[in-house]
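Report on the structure given below.
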Amino acid sequence: MSPVIVSLFWSFFKVGLFTIGGGYAMIPLMEAEVIDTHGWLSAAEFLDIIAVAEMTPGPISINAATFIGYRMAGVAGALITTLGVIAPSLILLLLLARVLFRLIQNPGANSFLNGLRSALIALILLAAFNLGQAALIDFPTAAIFILLFAASLVKAFSPLYFIAAGALLGLIFFPY
Amino acid sequence: MNNTRKESLLTILFAFLKVGAFTFGGGYAILPVIRQEVVFNRKWVSNDVFADILIITQSMPGQLALNSAIQIGMRLRGISGGIIAALGVTLPSVIILLIIAAWLYPYYRDSQYVQAAFYGLRPAVVALIAAAAIKMGKDILHGIRGIILCGILLAAAIISQAHPILVLVAGGIAGLFFCREGCCK
């Protein structure tokens with residue numbers, strides 16, 4: 001197997017293994033692996049792929065894994081990244097479900113998870129800041145961010161509205 | 001488990017293919033759809049069992065939709081049920097994203113309008129990520145201890161430039177000492 005296939009699998013396996021609580025928990029991990037550690041994508045390309053992963057059906061991290069894997073190593077890459085990101089769930093739930101269930105009922109595990117969730121919030125904030133530097137490049141993009149972020153504080157809109165609004169505002173304000 | 005009927009693997013596969021193919025917006029949007037399908041439409045598990053499944057789903061590594069699908073598949077047909085449910089929820093993503101990555105994206109990437117849309121989509125995605133952090137903070141961080149821990153970890157992450165995995169593990173270990181009476185929910 002080519003080395004890139006191996007590192008793709010291992011990177012996405014780590015993403016799957018440390019995404020606890022789902023959703024955007026995977027963003028800081030994927031960003032660290034794909035942009036910082038391996039330099040596979042630029043921050044702007046990564047954001048484009050997350051946008052595509054948001055507008056297509058299915059879990060966002062599986063969508064993003066497939067897209068990034070294909071970009072790096074074609075169909076084999078797409079299959080290997082997807083397998084990597086779902087493998088930890090499969091292994092843990094299929095083989096160790098009973099042990100883990102007992103473990104998470106332990107008060108110590110609860111404290112550990114509480115601390116981990118505090119870390120997760122810090123990491124997601126930091127990821128927004130890091131990726132923001134590639135996205136907020138002029139006045140219109142900064143305004144789009146502020147508008148949509150403010151809207152999210154008022155009401156929990158579906159991500160699809162954010163995607164539709166972002167694309168529409170981009171089409172209007174792009175410096176053609 | 002209150003279900004004695006053996007569901008066929010094909011039925012399980014189709015149920016989760018439908019969830020994977022038609023639900024937009026990621027984990028938190030998919031969970032209510034899975035619940036509708038398995039609790040109300042197909043009556044595979046009771047509401048209480050689904051609540052237990054959600055607790056495990058949110059405390060375990062992995063995607064929310066995937067983790068709950070695997071557990072429901074396992075309850076119906078053991079390990080093969082779990083694998084089939086995982087396949088069902090994953091396969092539509094793989095097929096759709098392969099089509100986009102292989103054909104649509106290379107073909108349209110250089111179009112001026114696609115460039116313009118992504119110019120606006122990037123700040124929109126950053127807004128989604130920032131909003132997710134704020135929402136999680138509101139849901140999870142209760143009391144001053146959780147907020148202080150979050151602030152310390154944020155500063156440590158910025159200064160050390162450590163890999164997120166290290167920050168998560170450090171947070172968990174700090175939680176063992178610091179969050180025993182619950183700094184979070």
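Every chain in the structure tokens has a letter given in the order shown (A, B, ...), and although residue numbers restart at 1 in each chain, ligands are simply numbered from 1 in the order shown.
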How close does chain B get to chain A? List, as JSON lines, each residue of chain B within 6 Å, its nearest atom pair and the distance in Å to one decimal, counting only C-alpha atoms.
```
{"residue": "B:Gly20", "atom": "CA", "partner": "A:Gly58", "partner_atom": "CA", "distance": 4.7}
{"residue": "B:Ala21", "atom": "CA", "partner": "A:Pro57", "partner_atom": "CA", "distance": 5.6}
{"residue": "B:Phe22", "atom": "CA", "partner": "A:Pro57", "partner_atom": "CA", "distance": 5.8}
{"residue": "B:Thr23", "atom": "CA", "partner": "A:Pro57", "partner_atom": "CA", "distance": 5.1}
{"residue": "B:Phe24", "atom": "CA", "partner": "A:Pro57", "partner_atom": "CA", "distance": 4.3}
{"residue": "B:Gly25", "atom": "CA", "partner": "A:Glu54", "partner_atom": "CA", "distance": 5.8}
{"residue": "B:Gly26", "atom": "CA", "partner": "A:Pro59", "partner_atom": "CA", "distance": 4.5}
{"residue": "B:Gly27", "atom": "CA", "partner": "A:Gly23", "partner_atom": "CA", "distance": 5.5}
{"residue": "B:Gln58", "atom": "CA", "partner": "A:Gly21", "partner_atom": "CA", "distance": 4.5}
{"residue": "B:Met60", "atom": "CA", "partner": "A:Ile20", "partner_atom": "CA", "distance": 5.8}
{"residue": "B:Pro61", "atom": "CA", "partner": "A:Ile20", "partner_atom": "CA", "distance": 4.4}
{"residue": "B:Gly62", "atom": "CA", "partner": "A:Gly16", "partner_atom": "CA", "distance": 5.2}
{"residue": "B:Gln63", "atom": "CA", "partner": "A:Gly22", "partner_atom": "CA", "distance": 4.7}
{"residue": "B:Leu64", "atom": "CA", "partner": "A:Gly22", "partner_atom": "CA", "distance": 5.0}
{"residue": "B:Ser93", "atom": "CA", "partner": "A:Asn63", "partner_atom": "CA", "distance": 5.5}
{"residue": "B:Val94", "atom": "CA", "partner": "A:Thr66", "partner_atom": "CA", "distance": 5.9}
{"residue": "B:Leu97", "atom": "CA", "partner": "A:Phe67", "partner_atom": "CA", "distance": 5.9}
{"residue": "B:Ala101", "atom": "CA", "partner": "A:Phe67", "partner_atom": "CA", "distance": 5.8}
{"residue": "B:Ala116", "atom": "CA", "partner": "A:Leu171", "partner_atom": "CA", "distance": 4.9}
{"residue": "B:Ala117", "atom": "CA", "partner": "A:Ala167", "partner_atom": "CA", "distance": 4.3}
{"residue": "B:Tyr119", "atom": "CA", "partner": "A:Gly170", "partner_atom": "CA", "distance": 5.4}
{"residue": "B:Gly120", "atom": "CA", "partner": "A:Gly170", "partner_atom": "CA", "distance": 3.6}
{"residue": "B:Leu121", "atom": "CA", "partner": "A:Gly166", "partner_atom": "CA", "distance": 4.5}
{"residue": "B:Arg122", "atom": "CA", "partner": "A:Ala135", "partner_atom": "CA", "distance": 5.2}
{"residue": "B:Pro123", "atom": "CA", "partner": "A:Phe145", "partner_atom": "CA", "distance": 5.0}
{"residue": "B:Ala124", "atom": "CA", "partner": "A:Gly166", "partner_atom": "CA", "distance": 5.1}
{"residue": "B:Val126", "atom": "CA", "partner": "A:Ala128", "partner_atom": "CA", "distance": 5.5}
{"residue": "B:Ala127", "atom": "CA", "partner": "A:Phe149", "partner_atom": "CA", "distance": 4.9}
{"residue": "B:Ile129", "atom": "CA", "partner": "A:Ala128", "partner_atom": "CA", "distance": 5.7}
{"residue": "B:Ala130", "atom": "CA", "partner": "A:Ala128", "partner_atom": "CA", "distance": 5.5}
{"residue": "B:Ala133", "atom": "CA", "partner": "A:Ile121", "partner_atom": "CA", "distance": 5.4}
{"residue": "B:Cys150", "atom": "CA", "partner": "A:Ser118", "partner_atom": "CA", "distance": 4.8}
{"residue": "B:Leu153", "atom": "CA", "partner": "A:Ala119", "partner_atom": "CA", "distance": 5.9}
{"residue": "B:Leu154", "atom": "CA", "partner": "A:Ala122", "partner_atom": "CA", "distance": 4.8}
{"residue": "B:Pro164", "atom": "CA", "partner": "A:Leu29", "partner_atom": "CA", "distance": 5.9}
{"residue": "B:Leu168", "atom": "CA", "partner": "A:Leu116", "partner_atom": "CA", "distance": 5.3}
{"residue": "B:Gly171", "atom": "CA", "partner": "A:Leu116", "partner_atom": "CA", "distance": 4.6}
{"residue": "B:Gly172", "atom": "CA", "partner": "A:Phe112", "partner_atom": "CA", "distance": 4.2}
{"residue": "B:Gly175", "atom": "CA", "partner": "A:Gly115", "partner_atom": "CA", "distance": 3.8}
{"residue": "B:Leu176", "atom": "CA", "partner": "A:Ser111", "partner_atom": "CA", "distance": 5.0}
{"residue": "B:Cys179", "atom": "CA", "partner": "A:Ser111", "partner_atom": "CA", "distance": 5.4}
{"residue": "B:Arg180", "atom": "CA", "partner": "A:Ser111", "partner_atom": "CA", "distance": 5.3}
{"residue": "B:Cys184", "atom": "CA", "partner": "A:Asn114", "partner_atom": "CA", "distance": 5.7}
```
Please dump the current selection as a compact mmCIF listing (two decimals), in the first residue's frame; keep N, CA and C atoms.
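Below is the file that was written, selection.txt:
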```txt
# COMPACT_ATOMS: atom_id res chain seq x y z
N GLY B 20 -29.62 7.96 5.78
CA GLY B 20 -28.38 8.54 5.27
C GLY B 20 -28.58 9.36 4.02
N ALA B 21 -29.53 8.96 3.20
CA ALA B 21 -29.68 9.60 1.88
C ALA B 21 -30.54 10.85 1.92
N PHE B 22 -31.41 10.97 2.89
CA PHE B 22 -32.38 12.07 2.83
C PHE B 22 -32.30 13.05 3.98
N THR B 23 -31.30 12.90 4.87
CA THR B 23 -31.24 13.80 6.01
C THR B 23 -30.07 14.76 5.88
N PHE B 24 -30.37 16.04 5.85
CA PHE B 24 -29.35 17.07 5.71
C PHE B 24 -29.01 17.67 7.07
N GLY B 25 -27.77 18.16 7.19
CA GLY B 25 -27.44 18.99 8.35
C GLY B 25 -26.70 18.30 9.46
N GLY B 26 -26.21 17.07 9.22
CA GLY B 26 -25.32 16.44 10.21
C GLY B 26 -26.05 15.83 11.39
N GLY B 27 -25.23 15.38 12.36
CA GLY B 27 -25.68 14.55 13.47
C GLY B 27 -26.92 15.02 14.19
N GLN B 58 -23.63 9.75 22.83
CA GLN B 58 -22.98 11.03 23.08
C GLN B 58 -21.75 10.93 23.97
N MET B 60 -19.58 8.30 23.59
CA MET B 60 -18.61 7.44 22.91
C MET B 60 -18.01 8.18 21.74
N PRO B 61 -16.80 7.78 21.34
CA PRO B 61 -16.23 8.37 20.14
C PRO B 61 -17.09 8.04 18.93
N GLY B 62 -17.05 8.92 17.95
CA GLY B 62 -17.71 8.63 16.68
C GLY B 62 -18.83 9.58 16.35
N GLN B 63 -19.37 9.40 15.16
CA GLN B 63 -20.45 10.26 14.68
C GLN B 63 -21.75 9.87 15.39
N LEU B 64 -22.60 10.88 15.66
CA LEU B 64 -23.85 10.60 16.38
C LEU B 64 -24.75 9.65 15.60
N SER B 93 -23.66 8.72 1.75
CA SER B 93 -22.65 9.78 1.81
C SER B 93 -21.51 9.49 0.84
N VAL B 94 -21.02 8.24 0.88
CA VAL B 94 -19.87 7.89 0.05
C VAL B 94 -20.22 8.05 -1.43
N LEU B 97 -20.87 11.89 -2.32
CA LEU B 97 -19.65 12.70 -2.28
C LEU B 97 -18.65 12.28 -3.34
N ALA B 101 -17.09 14.83 -5.82
CA ALA B 101 -15.63 15.02 -5.84
C ALA B 101 -15.03 14.62 -7.19
N ALA B 116 -17.64 32.45 -6.56
CA ALA B 116 -18.36 33.48 -5.81
C ALA B 116 -19.16 32.86 -4.66
N ALA B 117 -19.79 31.71 -4.94
CA ALA B 117 -20.59 31.05 -3.90
C ALA B 117 -19.68 30.62 -2.74
N TYR B 119 -16.84 31.92 -1.91
CA TYR B 119 -16.37 33.14 -1.25
C TYR B 119 -17.32 33.51 -0.09
N GLY B 120 -18.61 33.31 -0.30
CA GLY B 120 -19.59 33.57 0.76
C GLY B 120 -19.79 32.38 1.70
N LEU B 121 -19.57 31.17 1.15
CA LEU B 121 -19.78 29.97 1.98
C LEU B 121 -18.73 29.84 3.07
N ARG B 122 -17.49 30.28 2.77
CA ARG B 122 -16.43 30.11 3.77
C ARG B 122 -16.75 30.85 5.07
N PRO B 123 -17.07 32.16 5.02
CA PRO B 123 -17.45 32.81 6.29
C PRO B 123 -18.71 32.20 6.91
N ALA B 124 -19.61 31.67 6.06
CA ALA B 124 -20.83 31.05 6.61
C ALA B 124 -20.46 29.79 7.40
N VAL B 126 -17.55 29.25 8.87
CA VAL B 126 -16.89 29.70 10.10
C VAL B 126 -17.95 30.13 11.12
N ALA B 127 -19.01 30.81 10.64
CA ALA B 127 -20.09 31.22 11.55
C ALA B 127 -20.76 29.99 12.16
N ILE B 129 -19.37 27.07 12.72
CA ILE B 129 -18.46 26.46 13.69
C ILE B 129 -18.47 27.27 14.99
N ALA B 130 -18.38 28.60 14.86
CA ALA B 130 -18.38 29.46 16.05
C ALA B 130 -19.71 29.31 16.80
N ALA B 133 -19.74 26.18 18.83
CA ALA B 133 -18.99 26.30 20.08
C ALA B 133 -19.83 27.02 21.15
N CYS B 150 -12.43 25.69 30.63
CA CYS B 150 -12.47 25.93 29.18
C CYS B 150 -11.50 27.05 28.81
N LEU B 153 -7.85 25.84 29.13
CA LEU B 153 -7.50 24.94 28.04
C LEU B 153 -7.34 25.69 26.73
N LEU B 154 -8.18 26.72 26.53
CA LEU B 154 -8.07 27.53 25.31
C LEU B 154 -6.72 28.23 25.28
N PRO B 164 -4.93 18.69 18.93
CA PRO B 164 -6.20 18.65 19.67
C PRO B 164 -6.37 17.41 20.54
N LEU B 168 -7.61 17.44 24.37
CA LEU B 168 -8.78 16.69 24.85
C LEU B 168 -8.41 15.80 26.04
N GLY B 171 -7.80 17.89 29.05
CA GLY B 171 -9.09 18.33 29.59
C GLY B 171 -9.75 17.23 30.40
N GLY B 172 -9.71 16.00 29.87
CA GLY B 172 -10.31 14.88 30.57
C GLY B 172 -9.64 14.64 31.91
N GLY B 175 -10.49 17.23 34.28
CA GLY B 175 -11.86 17.00 34.73
C GLY B 175 -11.94 16.05 35.91
N LEU B 176 -11.05 15.05 35.93
CA LEU B 176 -11.06 14.07 37.02
C LEU B 176 -10.86 14.75 38.38
N CYS B 179 -13.73 18.58 38.07
CA CYS B 179 -15.15 18.56 37.73
C CYS B 179 -15.91 17.49 38.49
N ARG B 180 -15.40 17.07 39.64
CA ARG B 180 -16.05 15.94 40.29
C ARG B 180 -17.47 16.26 40.74
N CYS B 184 -19.88 20.64 34.53
CA CYS B 184 -20.69 20.67 33.33
C CYS B 184 -22.01 20.01 33.68
```
**Study point:** Spatial neighbours of range 34-50 of chain B, max dist 12 Å, only C-alpha atoms, sep filter under 4 positions, as a PyMOL selection string
**Key:** (chain A and resi 58) or (chain B and resi 1-7+11-12+14-20+22-23+27-30+54-57+64-77+85+89)
Write a file of the selected residues as a CSV table (one decimal), in the first residue's frame, keeping C-alpha atoms.
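Output saved as result.csv:
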```
chain,number,residue,atom,x,y,z
A,58,GLY,CA,-25.6,12.3,5.7
B,1,MET,CA,-35.4,-5.4,24.6
B,2,ASN,CA,-39.1,-5.7,23.9
B,3,ASN,CA,-38.7,-6.8,20.4
B,4,THR,CA,-38.8,-10.5,19.6
B,5,ARG,CA,-39.3,-10.4,15.9
B,6,LYS,CA,-36.2,-10.9,13.9
B,7,GLU,CA,-35.8,-8.1,11.3
B,11,THR,CA,-34.9,-4.2,6.1
B,12,ILE,CA,-32.2,-2.8,8.5
B,14,PHE,CA,-32.9,0.0,3.8
B,15,ALA,CA,-34.1,1.8,6.9
B,16,PHE,CA,-30.7,3.4,7.4
B,17,LEU,CA,-30.0,4.0,3.7
B,18,LYS,CA,-33.1,6.2,3.8
B,19,VAL,CA,-31.8,8.0,6.8
B,20,GLY,CA,-28.4,8.5,5.3
B,22,PHE,CA,-32.4,12.1,2.8
B,23,THR,CA,-31.2,13.8,6.0
B,27,GLY,CA,-25.7,14.6,13.5
B,28,TYR,CA,-28.1,16.7,15.5
B,29,ALA,CA,-30.4,16.9,12.5
B,30,ILE,CA,-30.2,13.2,11.8
B,54,LEU,CA,-28.5,8.4,23.0
B,55,ILE,CA,-26.6,8.6,26.2
B,56,ILE,CA,-24.1,6.0,24.9
B,57,THR,CA,-24.0,7.7,21.5
B,64,LEU,CA,-23.8,10.6,16.4
B,65,ALA,CA,-25.9,9.1,13.5
B,66,LEU,CA,-23.4,6.3,13.1
B,67,ASN,CA,-23.2,5.4,16.8
B,68,SER,CA,-26.9,5.3,17.2
B,69,ALA,CA,-27.4,3.3,14.0
B,70,ILE,CA,-24.9,0.7,15.1
B,71,GLN,CA,-26.5,0.2,18.5
B,72,ILE,CA,-30.0,-0.2,16.9
B,73,GLY,CA,-28.7,-2.6,14.4
B,74,MET,CA,-27.0,-4.6,17.2
B,75,ARG,CA,-30.2,-4.8,19.2
B,76,LEU,CA,-32.1,-6.2,16.2
B,77,ARG,CA,-29.5,-8.6,14.7
B,85,ALA,CA,-26.8,-0.4,10.0
B,89,VAL,CA,-26.0,5.2,7.2
```
Exercise for review: Among the residues of chain B, find those DSSP assigns to alpha helix (DSSP H) from the backbone and print them as JSON, numbers by chain.
Suggested key: {"B": [9, 10, 11, 12, 13, 14, 15, 16, 17, 18, 19, 20, 21, 22, 27, 28, 29, 30, 31, 32, 33, 34, 35, 47, 48, 49, 50, 51, 52, 53, 54, 55, 56, 57, 58, 59, 64, 65, 66, 67, 68, 69, 70, 71, 72, 73, 74, 75, 76, 77, 78, 79, 80, 81, 82, 83, 84, 85, 86, 87, 88, 89, 90, 91, 92, 93, 94, 95, 96, 97, 98, 99, 105, 106, 107, 108, 112, 113, 114, 115, 116, 117, 118, 119, 120, 121, 122, 123, 124, 125, 126, 127, 128, 129, 130, 131, 132, 133, 134, 135, 136, 137, 138, 139, 140, 144, 145, 146, 147, 148, 149, 150, 151, 152, 153, 154, 155, 156, 157, 158, 159, 160, 164, 165, 166, 167, 168, 169, 170, 171, 172, 173, 174, 175, 176, 177, 178]}
Exercise for review: Rounded to one decimal place, report the CA of Gly77 in chain A-CA of Ile5 in chain A distance in Å.
Suggested key: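 Separation between CA of Gly77 in chain A and CA of Ile5 in chain A: 6.2 Å.
Interatomic distance, CA of Leu9 in chain B to CA of Ile83 in chain B: 9.7 Å.
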